[in-house]
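One file, model22.tsv, is given below (TSV, C-alpha atoms).
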chain	number	residue	atom	x	y	z
A	1	ASP	CA	0.00	0.00	0.00
A	2	ALA	CA	1.19	3.52	-0.73
A	3	GLY	CA	2.18	5.52	2.30
A	4	VAL	CA	1.82	9.24	2.84
A	5	ILE	CA	3.12	11.08	-0.20
A	6	GLN	CA	4.59	14.56	0.03
A	7	SER	CA	5.81	16.91	-2.66
A	8	PRO	CA	8.14	18.45	-3.38
A	9	ARG	CA	10.91	16.62	-1.48
A	10	HIS	CA	13.12	19.69	-1.58
A	11	GLU	CA	12.30	23.36	-2.09
A	12	VAL	CA	14.74	26.24	-2.25
A	13	THR	CA	13.33	29.70	-2.73
A	14	GLU	CA	14.00	33.30	-1.91
A	15	MET	CA	12.59	35.24	0.97
A	16	GLY	CA	9.20	36.76	0.20
A	17	GLN	CA	8.12	34.05	-2.23
A	18	GLU	CA	5.03	31.94	-1.76
A	19	VAL	CA	5.67	28.28	-0.91
A	20	THR	CA	3.12	25.49	-1.26
A	21	LEU	CA	3.70	22.04	0.20
A	22	ARG	CA	1.47	19.14	-0.77
A	23	CYS	CA	0.36	15.95	0.91
A	24	LYS	CA	-1.62	12.87	-0.06
A	25	PRO	CA	-2.62	10.87	3.02
A	26	ILE	CA	-3.10	7.12	3.22
A	27	SER	CA	-6.46	6.14	1.75
A	28	GLY	CA	-9.08	5.61	4.44
A	29	HIS	CA	-7.33	7.67	7.09
A	30	ASN	CA	-9.57	10.30	8.63
A	31	SER	CA	-6.97	12.45	10.39
A	32	LEU	CA	-4.19	14.45	8.77
A	33	PHE	CA	-1.38	16.32	10.51
A	34	TRP	CA	1.24	18.87	9.47
A	35	TYR	CA	4.48	19.00	11.49
A	36	ARG	CA	7.66	21.04	11.32
A	37	GLN	CA	11.03	19.60	12.44
A	38	THR	CA	14.09	21.65	13.33
A	39	MET	CA	17.22	20.87	15.31
A	40	MET	CA	16.32	23.47	17.92
A	41	ARG	CA	12.65	22.64	18.48
A	42	GLY	CA	12.28	19.04	17.30
A	43	LEU	CA	8.93	17.93	15.89
A	44	GLU	CA	6.15	20.46	16.35
A	45	LEU	CA	2.52	20.00	15.37
A	46	LEU	CA	1.31	22.88	13.21
A	47	ILE	CA	-2.27	21.88	12.44
A	48	TYR	CA	-4.46	18.82	12.16
A	49	PHE	CA	-7.64	17.91	10.35
A	50	ASN	CA	-10.36	15.38	11.14
A	51	ASN	CA	-12.56	14.41	8.19
A	52	ASN	CA	-11.14	17.36	6.20
A	53	VAL	CA	-12.08	19.88	8.90
A	54	PRO	CA	-9.31	21.83	10.70
A	55	ILE	CA	-9.50	20.97	14.41
A	56	ASP	CA	-6.47	22.58	16.01
A	57	ASP	CA	-4.28	25.20	14.33
A	58	SER	CA	-2.75	26.52	17.54
A	59	GLY	CA	0.70	25.44	16.36
A	60	MET	CA	0.64	27.56	13.21
A	61	PRO	CA	3.36	30.13	13.88
A	62	GLU	CA	1.64	33.16	12.37
A	63	ASP	CA	-0.77	34.36	9.74
A	64	ARG	CA	1.77	33.76	6.99
A	65	PHE	CA	0.98	30.05	7.35
A	66	SER	CA	-2.25	28.52	6.09
A	67	ALA	CA	-3.44	24.97	5.45
A	68	LYS	CA	-6.32	23.50	3.52
A	69	MET	CA	-7.80	20.07	2.99
A	70	PRO	CA	-10.27	20.32	0.11
A	71	ASN	CA	-10.93	16.57	0.06
A	72	ALA	CA	-9.96	13.36	1.83
A	73	SER	CA	-6.98	12.69	-0.43
A	74	PHE	CA	-5.20	16.04	-0.58
A	75	SER	CA	-3.90	18.78	1.69
A	76	THR	CA	-1.69	21.83	1.25
A	77	LEU	CA	0.40	23.94	3.59
A	78	LYS	CA	1.14	27.40	2.27
A	79	ILE	CA	3.60	30.02	3.48
A	80	GLN	CA	3.19	33.53	2.14
A	81	PRO	CA	5.44	35.45	2.33
A	82	SER	CA	8.25	33.06	3.27
A	83	GLU	CA	11.10	34.05	5.60
A	84	PRO	CA	14.52	32.46	6.27
A	85	ARG	CA	13.35	31.33	9.74
A	86	ASP	CA	10.75	29.12	8.05
A	87	SER	CA	13.57	26.86	6.82
A	88	ALA	CA	12.92	23.39	8.22
A	89	VAL	CA	11.68	19.93	7.26
A	90	TYR	CA	7.89	19.82	7.01
A	91	PHE	CA	6.16	16.49	7.52
A	92	CYS	CA	2.65	15.38	6.78
A	93	ALA	CA	1.18	12.41	8.66
A	94	SER	CA	-2.14	10.60	8.63
A	95	SER	CA	-3.95	8.19	10.93
A	96	LEU	CA	-7.24	6.32	11.09
A	97	ARG	CA	-8.32	8.52	14.05
A	98	SER	CA	-6.53	11.30	15.88
A	99	ASN	CA	-5.29	9.10	18.75
A	100	GLN	CA	-4.21	6.19	16.53
A	101	PRO	CA	-0.64	5.67	15.26
A	102	GLN	CA	0.34	8.34	12.79
A	103	HIS	CA	2.13	7.41	9.58
A	104	PHE	CA	4.53	10.00	8.22
A	105	GLY	CA	5.62	10.98	4.75
A	106	ASP	CA	9.30	11.55	3.99
A	107	GLY	CA	8.94	15.31	4.35
A	108	THR	CA	9.73	18.43	2.38
A	109	ARG	CA	13.09	20.03	3.14
A	110	LEU	CA	12.46	23.75	2.78
A	111	SER	CA	15.24	26.32	2.49
A	112	ILE	CA	14.40	30.03	2.36
A	113	LEU	CA	17.34	32.16	1.25
B	1	GLU	CA	2.15	21.45	31.11
B	2	ASP	CA	2.44	18.17	29.19
B	3	GLN	CA	6.04	17.17	28.64
B	4	VAL	CA	8.11	14.33	27.20
B	5	THR	CA	11.80	13.92	28.04
B	6	GLN	CA	14.07	11.34	26.40
B	7	SER	CA	17.44	10.19	27.63
B	8	PRO	CA	20.19	9.85	26.74
B	9	GLU	CA	20.38	12.37	23.90
B	10	ALA	CA	22.88	10.14	22.13
B	11	LEU	CA	24.06	6.58	22.67
B	12	ARG	CA	26.91	4.72	21.09
B	13	LEU	CA	26.91	0.92	21.31
B	14	GLN	CA	29.04	-1.89	20.04
B	15	GLU	CA	27.24	-4.50	17.98
B	16	GLY	CA	25.69	-7.00	20.38
B	17	GLU	CA	25.82	-4.65	23.37
B	18	SER	CA	22.27	-4.45	24.77
B	19	SER	CA	20.92	-1.23	26.29
B	20	SER	CA	17.77	0.78	27.02
B	21	LEU	CA	16.42	4.15	26.00
B	22	ASN	CA	14.23	6.11	28.41
B	23	CYS	CA	11.15	8.24	27.84
B	24	SER	CA	9.68	10.00	30.87
B	25	TYR	CA	6.45	11.93	30.59
B	26	THR	CA	4.01	14.15	32.41
B	27	VAL	CA	0.68	14.35	30.65
B	28	SER	CA	-2.90	15.12	31.48
B	29	GLY	CA	-4.82	12.03	30.53
B	30	LEU	CA	-2.48	9.64	28.72
B	31	ARG	CA	-4.23	8.11	25.74
B	32	GLY	CA	-1.28	6.25	24.32
B	33	LEU	CA	2.52	6.31	24.17
B	34	PHE	CA	4.14	5.83	20.78
B	35	TRP	CA	7.67	4.88	19.74
B	36	TYR	CA	9.02	5.85	16.33
B	37	ARG	CA	12.29	5.29	14.51
B	38	GLN	CA	13.64	8.02	12.22
B	39	ASP	CA	16.43	7.51	9.68
B	40	PRO	CA	18.27	10.49	8.14
B	41	GLY	CA	16.26	12.13	5.38
B	42	LYS	CA	13.14	10.09	6.20
B	43	GLY	CA	9.96	10.58	8.16
B	44	PRO	CA	9.40	8.89	11.51
B	45	GLU	CA	8.44	5.23	11.16
B	46	PHE	CA	5.91	3.86	13.63
B	47	LEU	CA	7.17	1.07	15.91
B	48	PHE	CA	4.85	0.55	18.91
B	49	THR	CA	1.85	1.87	20.79
B	50	LEU	CA	1.42	1.29	24.53
B	51	TYR	CA	-1.79	2.25	26.31
B	52	SER	CA	-1.56	1.15	29.93
B	53	ALA	CA	1.05	0.63	32.66
B	54	GLY	CA	2.49	-2.87	32.57
B	55	GLU	CA	1.97	-3.28	28.86
B	56	GLU	CA	4.86	-4.59	26.73
B	57	LYS	CA	5.36	-4.87	22.97
B	58	GLU	CA	8.15	-6.62	21.04
B	59	LYS	CA	9.45	-6.49	17.51
B	60	GLU	CA	12.65	-8.27	16.53
B	61	ARG	CA	15.41	-6.87	18.78
B	62	LEU	CA	13.20	-4.14	20.25
B	63	LYS	CA	10.97	-4.32	23.31
B	64	ALA	CA	8.93	-1.42	24.68
B	65	THR	CA	7.57	-1.24	28.22
B	66	LEU	CA	5.37	1.28	30.00
B	67	THR	CA	4.91	2.46	33.59
B	68	LYS	CA	2.81	5.33	34.92
B	69	LYS	CA	5.70	7.78	34.52
B	70	GLU	CA	8.01	6.42	31.85
B	71	SER	CA	8.61	4.03	29.01
B	72	PHE	CA	11.71	2.09	28.06
B	73	LEU	CA	12.82	0.87	24.67
B	74	HIS	CA	15.10	-2.09	25.22
B	75	ILE	CA	17.45	-3.05	22.41
B	76	THR	CA	18.82	-6.58	22.62
B	77	ALA	CA	22.02	-7.49	20.76
B	78	PRO	CA	21.77	-4.49	18.42
B	79	LYS	CA	23.11	-4.49	14.89
B	80	PRO	CA	24.48	-1.55	12.86
B	81	GLU	CA	21.17	-1.33	10.98
B	82	ASP	CA	19.47	-0.39	14.26
B	83	SER	CA	21.32	2.94	14.12
B	84	ALA	CA	18.71	5.71	13.94
B	85	THR	CA	17.00	8.36	16.05
B	86	TYR	CA	14.30	6.92	18.27
B	87	LEU	CA	11.41	9.21	19.11
B	88	CYS	CA	8.88	8.85	21.89
B	89	ALA	CA	5.51	10.61	21.79
B	90	VAL	CA	2.51	10.72	24.09
B	91	PHE	CA	-1.06	11.41	23.10
B	92	SER	CA	-2.35	14.00	25.51
B	93	GLY	CA	-6.02	13.79	26.31
B	94	GLY	CA	-5.83	17.34	27.61
B	95	TYR	CA	-4.47	18.80	24.39
B	96	ASN	CA	-5.84	16.04	22.13
B	97	LYS	CA	-2.59	15.73	20.20
B	98	LEU	CA	0.76	13.94	20.07
B	99	ILE	CA	3.63	15.52	21.99
B	100	PHE	CA	7.08	14.37	20.88
B	101	GLY	CA	10.29	14.08	22.82
B	102	ALA	CA	13.57	15.33	21.35
B	103	GLY	CA	14.73	11.80	20.53
B	104	THR	CA	17.73	9.57	21.24
B	105	ARG	CA	20.35	9.24	18.50
B	106	LEU	CA	21.57	5.64	18.53
B	107	ALA	CA	24.76	4.58	16.77
B	108	VAL	CA	25.67	0.88	16.68
B	109	HIS	CA	29.19	0.11	15.56
B	110	PRO	CA	30.46	-3.23	14.22
Have the structure of the file written as structure tokens, please.
Amino acid sequence: DAGVIQSPRHEVTEMGQEVTLRCKPISGHNSLFWYRQTMMRGLELLIYFNNNVPIDDSGMPEDRFSAKMPNASFSTLKIQPSEPRDSAVYFCASSLRSNQPQHFGDGTRLSIL
Amino acid sequence: EDQVTQSPEALRLQEGESSSLNCSYTVSGLRGLFWYRQDPGKGPEFLFTLYSAGEEKEKERLKATLTKKESFLHITAPKPEDSATYLCAVFSGGYNKLIFGAGTRLAVHP
């Protein structure tokens, strides 16, 4: 079975540009999560969805970040405008329910110059 | 405040040298403790879920145990391919989300 698929795997862009990260969760999973991983702060939950509805976005750092889940098989995380401090690895994960094991994609390594 | 602390930060073992990784937690309403393995350039890979004190799970050379305050990941006769970062996470009923520890970087040398 296909796991969680993220694209792109790497993104390098200049400060001020819009960045869009994409995620396809595992089919049949009802919960989807966006995380950010840095050396300083480890894995941090940004936002999660249940049945395509955003439940908790308290981890979204500021208004420059937004996430959508238009259907059960696709989600995006957008940063506009991007800043160098947004450089990190962004992971998407999905699970059957929010308290069930989460399965992660291989992440997008984002570098903002 | 819910918190997860892993120790040691890094561990170097010789092949065959058994050891344990620790995950201590304070959480309001534990609804599961999860162990993950993360290889460089990859996402965390799910290993185990433990739900109640006294529970144990095993997979190959790994065994996870749980008490009311901490969990251990025991590695028996490790091999170089066990080298990875091992992450512990607790599902907080209070915050209704997973809270991750900083991880233990394990290096197993031949």
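Of the listed residues (B:Arg105, B:Lys57, B:Lys42, B:Lys68), B:Lys42 comes nearest to chain A; the distances count all atoms listed in the file.
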* Leaving out stretch 78-82 of chain B and any residue of its chain fewer than 5 positions from it, which residues lie within 12 Å of it when counting all atoms listed in the file, given as a list of chain:residue names? -> B:Leu11, B:Arg12, B:Leu13, B:Gln14, B:Glu15, B:Gly16, B:Glu17, B:Ser18, B:Ser19, B:Ser20, B:Arg37, B:Gln38, B:Asp39, B:Glu60, B:Arg61, B:Leu62, B:Lys63, B:Arg105, B:Leu106, B:Ala107, B:Val108, B:His109, B:Pro110
* **Selection near A:Asn52, 8 Å with all atoms listed in the file, sequence-local residues under 4 positions removed, as a PyMOL selection string** => chain A and resi 30-32+69-72
Generate the output file for the selected residues, C-alpha atoms, as a PDB file, in the coordinates of the input.
ATOM      1  CA  ASN A  30      -9.570  10.300   8.630  1.00  0.00           C
ATOM      2  CA  SER A  31      -6.970  12.450  10.390  1.00  0.00           C
ATOM      3  CA  LEU A  32      -4.190  14.450   8.770  1.00  0.00           C
ATOM      4  CA  MET A  69      -7.800  20.070   2.990  1.00  0.00           C
ATOM      5  CA  PRO A  70     -10.270  20.320   0.110  1.00  0.00           C
ATOM      6  CA  ASN A  71     -10.930  16.570   0.060  1.00  0.00           C
ATOM      7  CA  ALA A  72      -9.960  13.360   1.830  1.00  0.00           C
TER       8      ALA A  72
END
Could you make a table, as a Markdown table, of the residues of chain B that have an atom within 8 Å of an atom of chain A, each with its nearest atom pair and distance in Å to one decimal, counting all atoms listed in the file, in chain and number order?
| residue | atom | partner | partner_atom | distance |
| --- | --- | --- | --- | --- |
| B:Arg31 | CA | A:Asn99 | CA | 7.1 |
| B:Gly32 | CA | A:Asn99 | CA | 7.4 |
| B:Phe34 | CA | A:Pro101 | CA | 7.3 |
| B:Gly41 | CA | A:Asp106 | CA | 7.1 |
| B:Lys42 | CA | A:Asp106 | CA | 4.7 |
| B:Gly43 | CA | A:Asp106 | CA | 4.3 |
| B:Pro44 | CA | A:Phe104 | CA | 6.0 |
| B:Glu45 | CA | A:Phe104 | CA | 6.8 |
| B:Phe46 | CA | A:His103 | CA | 6.6 |
| B:Thr49 | CA | A:Pro101 | CA | 7.2 |
| B:Phe91 | CA | A:Asn99 | CA | 6.5 |
| B:Asn96 | CA | A:Asn99 | CA | 7.7 |
| B:Lys97 | CA | A:Asn99 | CA | 7.3 |
| B:Leu98 | CA | A:Asn99 | CA | 7.9 |
| B:Ile99 | CA | A:Glu44 | CA | 7.9 |
| B:Phe100 | CA | A:Leu43 | CA | 6.4 |
| B:Gly101 | CA | A:Gly42 | CA | 7.7 |
| B:Ala102 | CA | A:Gly42 | CA | 5.6 |
* To do: May I ask for the distance between atom CA of A:Gly16 and atom CA of A:Glu62, given in Å to one decimal place?
  => 14.8 Å
Which residues, written as an mmCIF file with C-alpha atoms, keeping the file's coordinate frame, have at least one atom at most 10 Å from B:Thr67, with all atoms listed in the file counted and residues fewer than 6 positions away on the same chain left out?
data_model
loop_
_atom_site.group_PDB
_atom_site.id
_atom_site.type_symbol
_atom_site.label_atom_id
_atom_site.label_comp_id
_atom_site.auth_asym_id
_atom_site.auth_seq_id
_atom_site.Cartn_x
_atom_site.Cartn_y
_atom_site.Cartn_z
ATOM 1 C CA SER B 24 9.680 10.000 30.870
ATOM 2 C CA LEU B 50 1.420 1.290 24.530
ATOM 3 C CA TYR B 51 -1.790 2.250 26.310
ATOM 4 C CA SER B 52 -1.560 1.150 29.930
ATOM 5 C CA ALA B 53 1.050 0.630 32.660
ATOM 6 C CA GLY B 54 2.490 -2.870 32.570
ATOM 7 C CA GLU B 55 1.970 -3.280 28.860
ATOM 8 C CA GLU B 56 4.860 -4.590 26.730
#
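The spacing separating atom CA of A:His29 from atom CA of B:Val27 amounts to 25.8 Å.
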Taking the block above, write stretch 60-95 of chain A with N, CA, C and O atoms as a PDB file, in the first residue's frame.
ATOM      1  N   MET A  60       0.248  26.756  14.380  1.00  0.00           N
ATOM      2  CA  MET A  60       0.638  27.557  13.210  1.00  0.00           C
ATOM      3  C   MET A  60       1.322  28.827  13.712  1.00  0.00           C
ATOM      4  O   MET A  60       0.730  29.593  14.482  1.00  0.00           O
ATOM      5  N   PRO A  61       2.555  29.058  13.276  1.00  0.00           N
ATOM      6  CA  PRO A  61       3.355  30.126  13.879  1.00  0.00           C
ATOM      7  C   PRO A  61       2.766  31.529  13.717  1.00  0.00           C
ATOM      8  O   PRO A  61       2.848  32.337  14.623  1.00  0.00           O
ATOM      9  N   GLU A  62       2.201  31.825  12.587  1.00  0.00           N
ATOM     10  CA  GLU A  62       1.637  33.163  12.368  1.00  0.00           C
ATOM     11  C   GLU A  62       0.769  33.127  11.121  1.00  0.00           C
ATOM     12  O   GLU A  62       0.640  32.104  10.466  1.00  0.00           O
ATOM     13  N   ASP A  63       0.197  34.297  10.827  1.00  0.00           N
ATOM     14  CA  ASP A  63      -0.773  34.356   9.738  1.00  0.00           C
ATOM     15  C   ASP A  63      -0.166  34.069   8.376  1.00  0.00           C
ATOM     16  O   ASP A  63      -0.898  33.868   7.410  1.00  0.00           O
ATOM     17  N   ARG A  64       1.134  34.069   8.271  1.00  0.00           N
ATOM     18  CA  ARG A  64       1.770  33.761   6.988  1.00  0.00           C
ATOM     19  C   ARG A  64       1.554  32.297   6.611  1.00  0.00           C
ATOM     20  O   ARG A  64       1.734  31.915   5.463  1.00  0.00           O
ATOM     21  N   PHE A  65       1.200  31.471   7.580  1.00  0.00           N
ATOM     22  CA  PHE A  65       0.984  30.051   7.346  1.00  0.00           C
ATOM     23  C   PHE A  65      -0.511  29.769   7.215  1.00  0.00           C
ATOM     24  O   PHE A  65      -1.318  30.265   8.011  1.00  0.00           O
ATOM     25  N   SER A  66      -0.865  28.955   6.224  1.00  0.00           N
ATOM     26  CA  SER A  66      -2.250  28.525   6.086  1.00  0.00           C
ATOM     27  C   SER A  66      -2.274  27.098   5.564  1.00  0.00           C
ATOM     28  O   SER A  66      -1.349  26.674   4.868  1.00  0.00           O
ATOM     29  N   ALA A  67      -3.302  26.348   5.910  1.00  0.00           N
ATOM     30  CA  ALA A  67      -3.436  24.967   5.455  1.00  0.00           C
ATOM     31  C   ALA A  67      -4.869  24.714   5.039  1.00  0.00           C
ATOM     32  O   ALA A  67      -5.803  25.265   5.624  1.00  0.00           O
ATOM     33  N   LYS A  68      -5.002  23.863   4.018  1.00  0.00           N
ATOM     34  CA  LYS A  68      -6.321  23.496   3.522  1.00  0.00           C
ATOM     35  C   LYS A  68      -6.372  21.987   3.282  1.00  0.00           C
ATOM     36  O   LYS A  68      -5.360  21.356   3.033  1.00  0.00           O
ATOM     37  N   MET A  69      -7.580  21.468   3.352  1.00  0.00           N
ATOM     38  CA  MET A  69      -7.800  20.070   2.991  1.00  0.00           C
ATOM     39  C   MET A  69      -9.106  20.017   2.213  1.00  0.00           C
ATOM     40  O   MET A  69     -10.178  19.775   2.796  1.00  0.00           O
ATOM     41  N   PRO A  70      -9.051  20.236   0.912  1.00  0.00           N
ATOM     42  CA  PRO A  70     -10.275  20.318   0.108  1.00  0.00           C
ATOM     43  C   PRO A  70     -11.010  18.991  -0.041  1.00  0.00           C
ATOM     44  O   PRO A  70     -12.218  18.991  -0.294  1.00  0.00           O
ATOM     45  N   ASN A  71     -10.285  17.882   0.111  1.00  0.00           N
ATOM     46  CA  ASN A  71     -10.927  16.572   0.061  1.00  0.00           C
ATOM     47  C   ASN A  71     -10.103  15.577   0.859  1.00  0.00           C
ATOM     48  O   ASN A  71      -9.014  15.925   1.359  1.00  0.00           O
ATOM     49  N   ALA A  72     -10.586  14.356   0.954  1.00  0.00           N
ATOM     50  CA  ALA A  72      -9.959  13.361   1.833  1.00  0.00           C
ATOM     51  C   ALA A  72      -8.595  12.890   1.346  1.00  0.00           C
ATOM     52  O   ALA A  72      -7.880  12.209   2.068  1.00  0.00           O
ATOM     53  N   SER A  73      -8.223  13.230   0.115  1.00  0.00           N
ATOM     54  CA  SER A  73      -6.979  12.694  -0.434  1.00  0.00           C
ATOM     55  C   SER A  73      -5.939  13.773  -0.735  1.00  0.00           C
ATOM     56  O   SER A  73      -4.941  13.493  -1.400  1.00  0.00           O
ATOM     57  N   PHE A  74      -6.145  14.986  -0.230  1.00  0.00           N
ATOM     58  CA  PHE A  74      -5.198  16.038  -0.576  1.00  0.00           C
ATOM     59  C   PHE A  74      -5.220  17.163   0.450  1.00  0.00           C
ATOM     60  O   PHE A  74      -6.285  17.602   0.891  1.00  0.00           O
ATOM     61  N   SER A  75      -4.016  17.629   0.795  1.00  0.00           N
ATOM     62  CA  SER A  75      -3.897  18.782   1.690  1.00  0.00           C
ATOM     63  C   SER A  75      -2.710  19.632   1.261  1.00  0.00           C
ATOM     64  O   SER A  75      -1.747  19.127   0.681  1.00  0.00           O
ATOM     65  N   THR A  76      -2.788  20.919   1.525  1.00  0.00           N
ATOM     66  CA  THR A  76      -1.687  21.832   1.246  1.00  0.00           C
ATOM     67  C   THR A  76      -1.356  22.662   2.482  1.00  0.00           C
ATOM     68  O   THR A  76      -2.221  22.967   3.298  1.00  0.00           O
ATOM     69  N   LEU A  77      -0.084  22.985   2.588  1.00  0.00           N
ATOM     70  CA  LEU A  77       0.403  23.937   3.592  1.00  0.00           C
ATOM     71  C   LEU A  77       1.091  25.051   2.821  1.00  0.00           C
ATOM     72  O   LEU A  77       2.002  24.791   2.039  1.00  0.00           O
ATOM     73  N   LYS A  78       0.627  26.277   3.044  1.00  0.00           N
ATOM     74  CA  LYS A  78       1.141  27.400   2.274  1.00  0.00           C
ATOM     75  C   LYS A  78       1.804  28.407   3.206  1.00  0.00           C
ATOM     76  O   LYS A  78       1.299  28.679   4.315  1.00  0.00           O
ATOM     77  N   ILE A  79       2.909  28.956   2.747  1.00  0.00           N
ATOM     78  CA  ILE A  79       3.600  30.018   3.481  1.00  0.00           C
ATOM     79  C   ILE A  79       3.727  31.218   2.541  1.00  0.00           C
ATOM     80  O   ILE A  79       4.280  31.102   1.446  1.00  0.00           O
ATOM     81  N   GLN A  80       3.167  32.332   2.976  1.00  0.00           N
ATOM     82  CA  GLN A  80       3.191  33.529   2.135  1.00  0.00           C
ATOM     83  C   GLN A  80       3.142  34.780   3.005  1.00  0.00           C
ATOM     84  O   GLN A  80       2.142  34.957   3.712  1.00  0.00           O
ATOM     85  N   PRO A  81       4.155  35.628   2.990  1.00  0.00           N
ATOM     86  CA  PRO A  81       5.439  35.451   2.329  1.00  0.00           C
ATOM     87  C   PRO A  81       6.395  34.603   3.177  1.00  0.00           C
ATOM     88  O   PRO A  81       6.307  34.598   4.399  1.00  0.00           O
ATOM     89  N   SER A  82       7.306  33.912   2.536  1.00  0.00           N
ATOM     90  CA  SER A  82       8.250  33.063   3.269  1.00  0.00           C
ATOM     91  C   SER A  82       9.403  33.905   3.832  1.00  0.00           C
ATOM     92  O   SER A  82       9.747  34.973   3.287  1.00  0.00           O
ATOM     93  N   GLU A  83       9.971  33.405   4.938  1.00  0.00           N
ATOM     94  CA  GLU A  83      11.104  34.054   5.598  1.00  0.00           C
ATOM     95  C   GLU A  83      12.171  33.004   5.884  1.00  0.00           C
ATOM     96  O   GLU A  83      11.850  31.813   6.014  1.00  0.00           O
ATOM     97  N   PRO A  84      13.444  33.425   6.004  1.00  0.00           N
ATOM     98  CA  PRO A  84      14.524  32.459   6.271  1.00  0.00           C
ATOM     99  C   PRO A  84      14.256  31.583   7.502  1.00  0.00           C
ATOM    100  O   PRO A  84      14.630  30.412   7.519  1.00  0.00           O
ATOM    101  N   ARG A  85      13.595  32.117   8.524  1.00  0.00           N
ATOM    102  CA  ARG A  85      13.354  31.328   9.740  1.00  0.00           C
ATOM    103  C   ARG A  85      12.318  30.230   9.524  1.00  0.00           C
ATOM    104  O   ARG A  85      12.103  29.410  10.423  1.00  0.00           O
ATOM    105  N   ASP A  86      11.686  30.196   8.365  1.00  0.00           N
ATOM    106  CA  ASP A  86      10.754  29.116   8.046  1.00  0.00           C
ATOM    107  C   ASP A  86      11.497  27.878   7.532  1.00  0.00           C
ATOM    108  O   ASP A  86      10.872  26.824   7.323  1.00  0.00           O
ATOM    109  N   SER A  87      12.796  27.993   7.308  1.00  0.00           N
ATOM    110  CA  SER A  87      13.575  26.861   6.818  1.00  0.00           C
ATOM    111  C   SER A  87      13.514  25.723   7.826  1.00  0.00           C
ATOM    112  O   SER A  87      13.828  25.899   9.009  1.00  0.00           O
ATOM    113  N   ALA A  88      13.120  24.546   7.347  1.00  0.00           N
ATOM    114  CA  ALA A  88      12.921  23.387   8.217  1.00  0.00           C
ATOM    115  C   ALA A  88      12.510  22.214   7.328  1.00  0.00           C
ATOM    116  O   ALA A  88      12.383  22.356   6.109  1.00  0.00           O
ATOM    117  N   VAL A  89      12.300  21.061   7.957  1.00  0.00           N
ATOM    118  CA  VAL A  89      11.676  19.931   7.260  1.00  0.00           C
ATOM    119  C   VAL A  89      10.216  19.879   7.702  1.00  0.00           C
ATOM    120  O   VAL A  89       9.929  19.857   8.907  1.00  0.00           O
ATOM    121  N   TYR A  90       9.331  19.856   6.737  1.00  0.00           N
ATOM    122  CA  TYR A  90       7.889  19.821   7.010  1.00  0.00           C
ATOM    123  C   TYR A  90       7.366  18.422   6.692  1.00  0.00           C
ATOM    124  O   TYR A  90       7.567  17.912   5.597  1.00  0.00           O
ATOM    125  N   PHE A  91       6.701  17.833   7.682  1.00  0.00           N
ATOM    126  CA  PHE A  91       6.163  16.493   7.523  1.00  0.00           C
ATOM    127  C   PHE A  91       4.640  16.530   7.530  1.00  0.00           C
ATOM    128  O   PHE A  91       4.019  17.294   8.276  1.00  0.00           O
ATOM    129  N   CYS A  92       4.077  15.648   6.742  1.00  0.00           N
ATOM    130  CA  CYS A  92       2.653  15.377   6.782  1.00  0.00           C
ATOM    131  C   CYS A  92       2.492  13.951   7.316  1.00  0.00           C
ATOM    132  O   CYS A  92       3.313  13.078   7.026  1.00  0.00           O
ATOM    133  N   ALA A  93       1.464  13.737   8.119  1.00  0.00           N
ATOM    134  CA  ALA A  93       1.178  12.409   8.658  1.00  0.00           C
ATOM    135  C   ALA A  93      -0.324  12.177   8.611  1.00  0.00           C
ATOM    136  O   ALA A  93      -1.113  13.133   8.615  1.00  0.00           O
ATOM    137  N   SER A  94      -0.715  10.914   8.573  1.00  0.00           N
ATOM    138  CA  SER A  94      -2.141  10.601   8.634  1.00  0.00           C
ATOM    139  C   SER A  94      -2.367   9.411   9.551  1.00  0.00           C
ATOM    140  O   SER A  94      -1.451   8.620   9.813  1.00  0.00           O
ATOM    141  N   SER A  95      -3.592   9.304  10.063  1.00  0.00           N
ATOM    142  CA  SER A  95      -3.955   8.186  10.930  1.00  0.00           C
ATOM    143  C   SER A  95      -5.441   7.894  10.751  1.00  0.00           C
ATOM    144  O   SER A  95      -6.205   8.735  10.264  1.00  0.00           O
TER     145      SER A  95
END
